[in-house]
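Visitor: What follows is a structure written as structure tokens; I'll ask about it next.
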Amino acid sequence: MIELRQLTKKFGDLVAVDQVTLTIARGEFFAVLGPNAAGKTTTIRILAGLMKPTAGQARVAGFDVQTEPLEARRRMAYVPDFPFLYDKLTPWEFLRFTGQMFRMSEGSIEGAARLWAARFNLGEYLNIAIESLSHGTRQRVALASAMMHDPEVIVLDEPMVGLDPHHARVLKDILKEQAERGATIFVSTHQLSVAEEMADRIGIMHHGRLIAVGSREELRLRSGSEGALEQTFLALTAEEADLAAAGKKLVAPEPGPVKRV
């Protein structure tokens, strides 16, 4: 459902994304981890069609995001780390606007808006201008709007930022449900606990490269570390830094896509 092939993005001499190749299957929950400036957000922006790659290709549900952007976008939900909302609208108006953008029928818009407003506990805020809402409530509005059109692919950049523990749990449960119904989930996060709890596979990016991909156990075995994902993450990024200093690259083998049973 998501395919990245030799994806590269340069800003002058800076290589922000360096030949990333990855396939994420239908129904798979994939989490990408990495230090700041690792290339995670740039990769996601290319995947969402907001940025053109210097080289390589990104496909969503079989559609190239550069040459077939409308078909790719129609099948995808995308929530950035700091989502843009129309401040003068109310959450109810914004949800309806989102449904109209995706050409949903009036009945479908009404039903989906009520469903997702309830799931994200937005009832008391539906008729208040978005500009008056807290950061966490605005994040919930953005997440609810992303689910309106029943997306096949869900791409989230740091989705837990601003959410209290209760609503972080709500989001985790919703994402698990979406993966179980067959949606492909791609999440960038600094919260290792999210990846450890939720992901079928985890990717680690460093200096624009995808240096490791696998299940938590596969990454642990590769790193030679014991215990929590934090230790695995630190071991692999330290190994990559040592190889980079020596003029080498740590290349991630790509295991086959996960099949849910």
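Here, A, B, ... name the chains of the structure tokens in the order displayed, residue numbers run from 1 inside each chain, and ligands are numbered from 1 in the same displayed order.
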Can you tell me which residues surround Met205 (chain A) at a distance of at most 9 Å, considering only C-alpha atoms, apart from same-chain residues fewer than 6 positions away, and format the answer as a PDB file with C-alpha atoms, in the first residue's frame?
Guide:
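Listing of around-v7.pdb after writing:
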```
ATOM      1  CA  VAL A  32       9.568   5.154  11.958  1.00  0.00           C
ATOM      2  CA  LEU A  33      11.951   6.384  14.635  1.00  0.00           C
ATOM      3  CA  GLY A  34      14.976   8.621  14.430  1.00  0.00           C
ATOM      4  CA  PRO A  35      16.819  11.520  16.009  1.00  0.00           C
ATOM      5  CA  ALA A  38      16.929  12.232  10.564  1.00  0.00           C
ATOM      6  CA  GLY A  39      14.709  12.758   7.502  1.00  0.00           C
ATOM      7  CA  LYS A  40      11.424  11.406   8.886  1.00  0.00           C
ATOM      8  CA  ILE A 211      19.423   2.124   8.659  1.00  0.00           C
ATOM      9  CA  ALA A 212      17.288  -0.686  10.060  1.00  0.00           C
ATOM     10  CA  THR A 237      22.119   4.817  15.787  1.00  0.00           C
TER      11      THR A 237
END
```
Visitor: Taking only C-alpha atoms into account, which of A:Arg75, A:Arg222, A:Arg169, A:Arg209 comes nearest Thr43 (chain A)?
Guide: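 Answer, going by the shortest atom-to-atom distance: A:Arg209.
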Visitor: Using only C-alpha atoms, which of A:Leu89, A:Leu234, A:His149, A:Phe84 sits nearest Ser108 (chain A)?
Guide: A:His149
Visitor: Skipping near chain neighbours, those fewer than 5 positions away, what residues fall within 12 Å of Phe63 (chain A) using only C-alpha atoms, listed as a list in words?
Guide: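 The contact residues come out as Met1, Ile2, Glu3, Leu4, Leu47, Ala48, Gly49, Gln57, Ala58, Glu68, Pro69, Leu70, Glu71, Ala72, Arg73, Arg74, Arg75, Met76 and Val153 of chain A.
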Visitor: Kindly export the residues of the current selection with C-alpha atoms, as an mmCIF file, in the first residue's frame.
Guide:
```
data_model
loop_
_atom_site.group_PDB
_atom_site.id
_atom_site.type_symbol
_atom_site.label_atom_id
_atom_site.label_comp_id
_atom_site.auth_asym_id
_atom_site.auth_seq_id
_atom_site.Cartn_x
_atom_site.Cartn_y
_atom_site.Cartn_z
ATOM 1 C CA MET A 1 0.000 0.000 0.000
ATOM 2 C CA ILE A 2 3.027 2.284 0.508
ATOM 3 C CA GLU A 3 6.065 1.943 -1.719
ATOM 4 C CA LEU A 4 9.195 4.056 -1.548
ATOM 5 C CA LEU A 47 4.681 10.762 0.669
ATOM 6 C CA ALA A 48 1.838 13.229 1.276
ATOM 7 C CA GLY A 49 2.598 15.018 -2.006
ATOM 8 C CA GLN A 57 9.439 7.399 -6.304
ATOM 9 C CA ALA A 58 6.677 7.234 -3.702
ATOM 10 C CA GLU A 68 -1.205 10.710 -9.930
ATOM 11 C CA PRO A 69 -1.567 13.003 -6.910
ATOM 12 C CA LEU A 70 -5.360 13.169 -6.736
ATOM 13 C CA GLU A 71 -5.794 9.397 -6.842
ATOM 14 C CA ALA A 72 -3.105 8.916 -4.192
ATOM 15 C CA ARG A 73 -4.466 11.678 -1.950
ATOM 16 C CA ARG A 74 -8.035 10.384 -2.217
ATOM 17 C CA ARG A 75 -6.957 7.153 -0.541
ATOM 18 C CA MET A 76 -4.784 8.698 2.147
ATOM 19 C CA VAL A 153 -3.543 4.650 4.100
#
```
Visitor: Name the residues in contact with region 112-119 of chain A at a cut-off of 6 Å, using only C-alpha atoms, excluding same-chain residues fewer than 3 positions from it; report them as a list in words.
Guide: Leu95, Ser108, Ile109, Leu122, Ala144 and Met148 of chain A
Visitor: What does the file look like for those residues with C-alpha atoms, as a PDB file, in the first residue's frame?
Guide:
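Contents of the output file part-v6.pdb:
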```pdb
ATOM      1  CA  LEU A  95     -15.372  18.159   9.551  1.00  0.00           C
ATOM      2  CA  SER A 108     -22.040  10.132   4.633  1.00  0.00           C
ATOM      3  CA  ILE A 109     -20.605  13.451   5.808  1.00  0.00           C
ATOM      4  CA  LEU A 122     -15.312  16.682  20.628  1.00  0.00           C
ATOM      5  CA  ALA A 144     -11.100  13.257  13.405  1.00  0.00           C
ATOM      6  CA  MET A 148     -13.751  11.186   7.658  1.00  0.00           C
TER       7      MET A 148
END
```
Visitor: Determine which residues of region 120-252 of chain A DSSP labels as strand (DSSP E) from the backbone of this structure, then write them out as a PDB file with N, CA and C atoms, in the first residue's frame.
Guide:
```pdb
ATOM      1  N   VAL A 153      -4.896   4.424   3.584  1.00  0.00           N
ATOM      2  CA  VAL A 153      -3.543   4.650   4.100  1.00  0.00           C
ATOM      3  C   VAL A 153      -3.603   5.841   5.057  1.00  0.00           C
ATOM      4  N   ILE A 154      -3.036   5.687   6.254  1.00  0.00           N
ATOM      5  CA  ILE A 154      -3.059   6.740   7.269  1.00  0.00           C
ATOM      6  C   ILE A 154      -1.613   7.090   7.604  1.00  0.00           C
ATOM      7  N   VAL A 155      -1.245   8.345   7.365  1.00  0.00           N
ATOM      8  CA  VAL A 155       0.127   8.812   7.578  1.00  0.00           C
ATOM      9  C   VAL A 155       0.101   9.907   8.637  1.00  0.00           C
ATOM     10  N   LEU A 156       0.795   9.673   9.748  1.00  0.00           N
ATOM     11  CA  LEU A 156       0.751  10.583  10.880  1.00  0.00           C
ATOM     12  C   LEU A 156       2.172  10.940  11.313  1.00  0.00           C
ATOM     13  N   ASP A 157       2.425  12.227  11.489  1.00  0.00           N
ATOM     14  CA  ASP A 157       3.732  12.717  11.927  1.00  0.00           C
ATOM     15  C   ASP A 157       3.607  13.218  13.365  1.00  0.00           C
ATOM     16  N   THR A 184      -3.425   0.745   6.029  1.00  0.00           N
ATOM     17  CA  THR A 184      -1.980   0.779   6.238  1.00  0.00           C
ATOM     18  C   THR A 184      -1.651   2.010   7.076  1.00  0.00           C
ATOM     19  N   ILE A 185      -0.896   1.822   8.159  1.00  0.00           N
ATOM     20  CA  ILE A 185      -0.573   2.903   9.086  1.00  0.00           C
ATOM     21  C   ILE A 185       0.922   3.196   9.020  1.00  0.00           C
ATOM     22  N   PHE A 186       1.256   4.479   8.794  1.00  0.00           N
ATOM     23  CA  PHE A 186       2.654   4.921   8.785  1.00  0.00           C
ATOM     24  C   PHE A 186       2.754   6.061   9.788  1.00  0.00           C
ATOM     25  N   VAL A 187       3.491   5.846  10.879  1.00  0.00           N
ATOM     26  CA  VAL A 187       3.572   6.826  11.958  1.00  0.00           C
ATOM     27  C   VAL A 187       5.028   7.161  12.243  1.00  0.00           C
ATOM     28  N   SER A 188       5.323   8.447  12.286  1.00  0.00           N
ATOM     29  CA  SER A 188       6.615   8.926  12.764  1.00  0.00           C
ATOM     30  C   SER A 188       6.449   9.359  14.214  1.00  0.00           C
ATOM     31  N   ARG A 201       6.146  -3.531  12.360  1.00  0.00           N
ATOM     32  CA  ARG A 201       7.565  -3.338  12.047  1.00  0.00           C
ATOM     33  C   ARG A 201       7.957  -1.919  12.403  1.00  0.00           C
ATOM     34  N   ILE A 202       9.248  -1.752  12.647  1.00  0.00           N
ATOM     35  CA  ILE A 202       9.811  -0.457  13.026  1.00  0.00           C
ATOM     36  C   ILE A 202      10.968  -0.153  12.086  1.00  0.00           C
ATOM     37  N   GLY A 203      11.020   1.090  11.604  1.00  0.00           N
ATOM     38  CA  GLY A 203      12.153   1.549  10.826  1.00  0.00           C
ATOM     39  C   GLY A 203      12.913   2.605  11.614  1.00  0.00           C
ATOM     40  N   ILE A 204      14.213   2.600  11.498  1.00  0.00           N
ATOM     41  CA  ILE A 204      15.041   3.604  12.171  1.00  0.00           C
ATOM     42  C   ILE A 204      15.782   4.406  11.108  1.00  0.00           C
ATOM     43  N   MET A 205      15.567   5.724  11.123  1.00  0.00           N
ATOM     44  CA  MET A 205      16.253   6.627  10.196  1.00  0.00           C
ATOM     45  C   MET A 205      17.329   7.409  10.933  1.00  0.00           C
ATOM     46  N   HIS A 206      18.408   7.657  10.212  1.00  0.00           N
ATOM     47  CA  HIS A 206      19.519   8.440  10.775  1.00  0.00           C
ATOM     48  C   HIS A 206      20.279   9.063   9.622  1.00  0.00           C
ATOM     49  N   ARG A 209      19.067   8.248   6.096  1.00  0.00           N
ATOM     50  CA  ARG A 209      19.057   6.862   5.630  1.00  0.00           C
ATOM     51  C   ARG A 209      18.181   5.992   6.528  1.00  0.00           C
ATOM     52  N   LEU A 210      17.550   5.022   5.928  1.00  0.00           N
ATOM     53  CA  LEU A 210      16.818   4.013   6.677  1.00  0.00           C
ATOM     54  C   LEU A 210      17.818   2.932   7.052  1.00  0.00           C
ATOM     55  N   ILE A 211      18.289   2.974   8.293  1.00  0.00           N
ATOM     56  CA  ILE A 211      19.423   2.124   8.659  1.00  0.00           C
ATOM     57  C   ILE A 211      19.004   0.756   9.180  1.00  0.00           C
ATOM     58  N   ALA A 212      17.749   0.609   9.552  1.00  0.00           N
ATOM     59  CA  ALA A 212      17.288  -0.686  10.060  1.00  0.00           C
ATOM     60  C   ALA A 212      15.775  -0.777   9.925  1.00  0.00           C
ATOM     61  N   VAL A 213      15.280  -1.968   9.584  1.00  0.00           N
ATOM     62  CA  VAL A 213      13.843  -2.231   9.473  1.00  0.00           C
ATOM     63  C   VAL A 213      13.590  -3.630   9.997  1.00  0.00           C
ATOM     64  N   GLY A 214      12.555  -3.764  10.825  1.00  0.00           N
ATOM     65  CA  GLY A 214      12.188  -5.094  11.294  1.00  0.00           C
ATOM     66  C   GLY A 214      11.254  -5.027  12.479  1.00  0.00           C
TER      67      GLY A 214
END
```
Visitor: In terms of the shortest atom-to-atom distance over only C-alpha atoms, which of A:Phe120, A:Leu126, A:Met147, A:Glu106 is closest to Ala168 (chain A)?
Guide: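 When distances to Ala168 (chain A) are compared using only C-alpha atoms, the smallest one comes from A:Phe120.
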Visitor: Would you mind telling me which residue in A:Ala183, A:Val79, A:Val60, A:Ile44 lies nearest to Lys9 (chain A) when using only C-alpha atoms?
Guide: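 For Lys9 (chain A), the nearest of the given residues is A:Ile44.
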Visitor: Pick from A:Leu192, A:Gly224, A:Thr41, A:Gly208: nearest to Val15 (chain A), with only C-alpha atoms counted?
Guide: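 For Val15 (chain A), the nearest of the given residues is A:Gly208.
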Visitor: Out of A:His166, A:Arg45, A:Lys10, A:Arg26, which residue has the shortest atom-to-atom distance to Pro151 (chain A) when counting only C-alpha atoms?
Guide: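 Closest candidate: A:Arg26.
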Visitor: Residues within 10 Å of Lys88 (chain A), please, as a list of chain:residue names. Count only C-alpha atoms; anything in the same chain fewer than 5 positions from it doesn't count.
Guide: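 The neighbour list is A:Glu93, A:Phe94, A:Ile128, A:Ala129, A:Ile130, A:Glu131, A:Ser132.
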Visitor: How would the residues just chosen look if you wrote them out with N, CA and C atoms as an mmCIF file, in the first residue's frame?
Guide:
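For reference, part-v7.cif as written:
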```
data_model
loop_
_atom_site.group_PDB
_atom_site.id
_atom_site.type_symbol
_atom_site.label_atom_id
_atom_site.label_comp_id
_atom_site.auth_asym_id
_atom_site.auth_seq_id
_atom_site.Cartn_x
_atom_site.Cartn_y
_atom_site.Cartn_z
ATOM 1 N N GLU A 93 -17.946 22.533 11.375
ATOM 2 C CA GLU A 93 -17.815 23.070 10.019
ATOM 3 C C GLU A 93 -16.581 22.503 9.333
ATOM 4 N N PHE A 94 -15.505 22.332 10.101
ATOM 5 C CA PHE A 94 -14.270 21.809 9.511
ATOM 6 C C PHE A 94 -14.444 20.345 9.095
ATOM 7 N N ILE A 128 -17.662 25.737 18.721
ATOM 8 C CA ILE A 128 -16.742 26.777 19.188
ATOM 9 C C ILE A 128 -15.688 27.004 18.108
ATOM 10 N N ALA A 129 -15.333 28.247 17.834
ATOM 11 C CA ALA A 129 -14.327 28.540 16.810
ATOM 12 C C ALA A 129 -13.022 27.831 17.140
ATOM 13 N N ILE A 130 -12.409 27.230 16.140
ATOM 14 C CA ILE A 130 -11.177 26.477 16.335
ATOM 15 C C ILE A 130 -10.084 27.345 16.955
ATOM 16 N N GLU A 131 -10.060 28.634 16.643
ATOM 17 C CA GLU A 131 -9.028 29.517 17.191
ATOM 18 C C GLU A 131 -9.085 29.595 18.711
ATOM 19 N N SER A 132 -10.215 29.223 19.319
ATOM 20 C CA SER A 132 -10.370 29.288 20.774
ATOM 21 C C SER A 132 -9.976 27.988 21.465
#
```
Visitor: CA of His190 (chain A) and CA of Ala31 (chain A), how far apart in Å?
Guide: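 Interatomic distance here is 9.9 Å.
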Visitor: By how many Å are CA of Leu163 (chain A) and CA of Pro91 (chain A) apart?
Guide: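 Taking CA of Leu163 (chain A) as the start and CA of Pro91 (chain A) as the end point, the length is 16.8 Å.
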Visitor: Which of region 37-188 of chain A counts as alpha helix (DSSP H) under DSSP, as a PyMOL selection string please?
Guide: chain A and resi 40-47+69-74+91-101+106-119+135-146+165-180
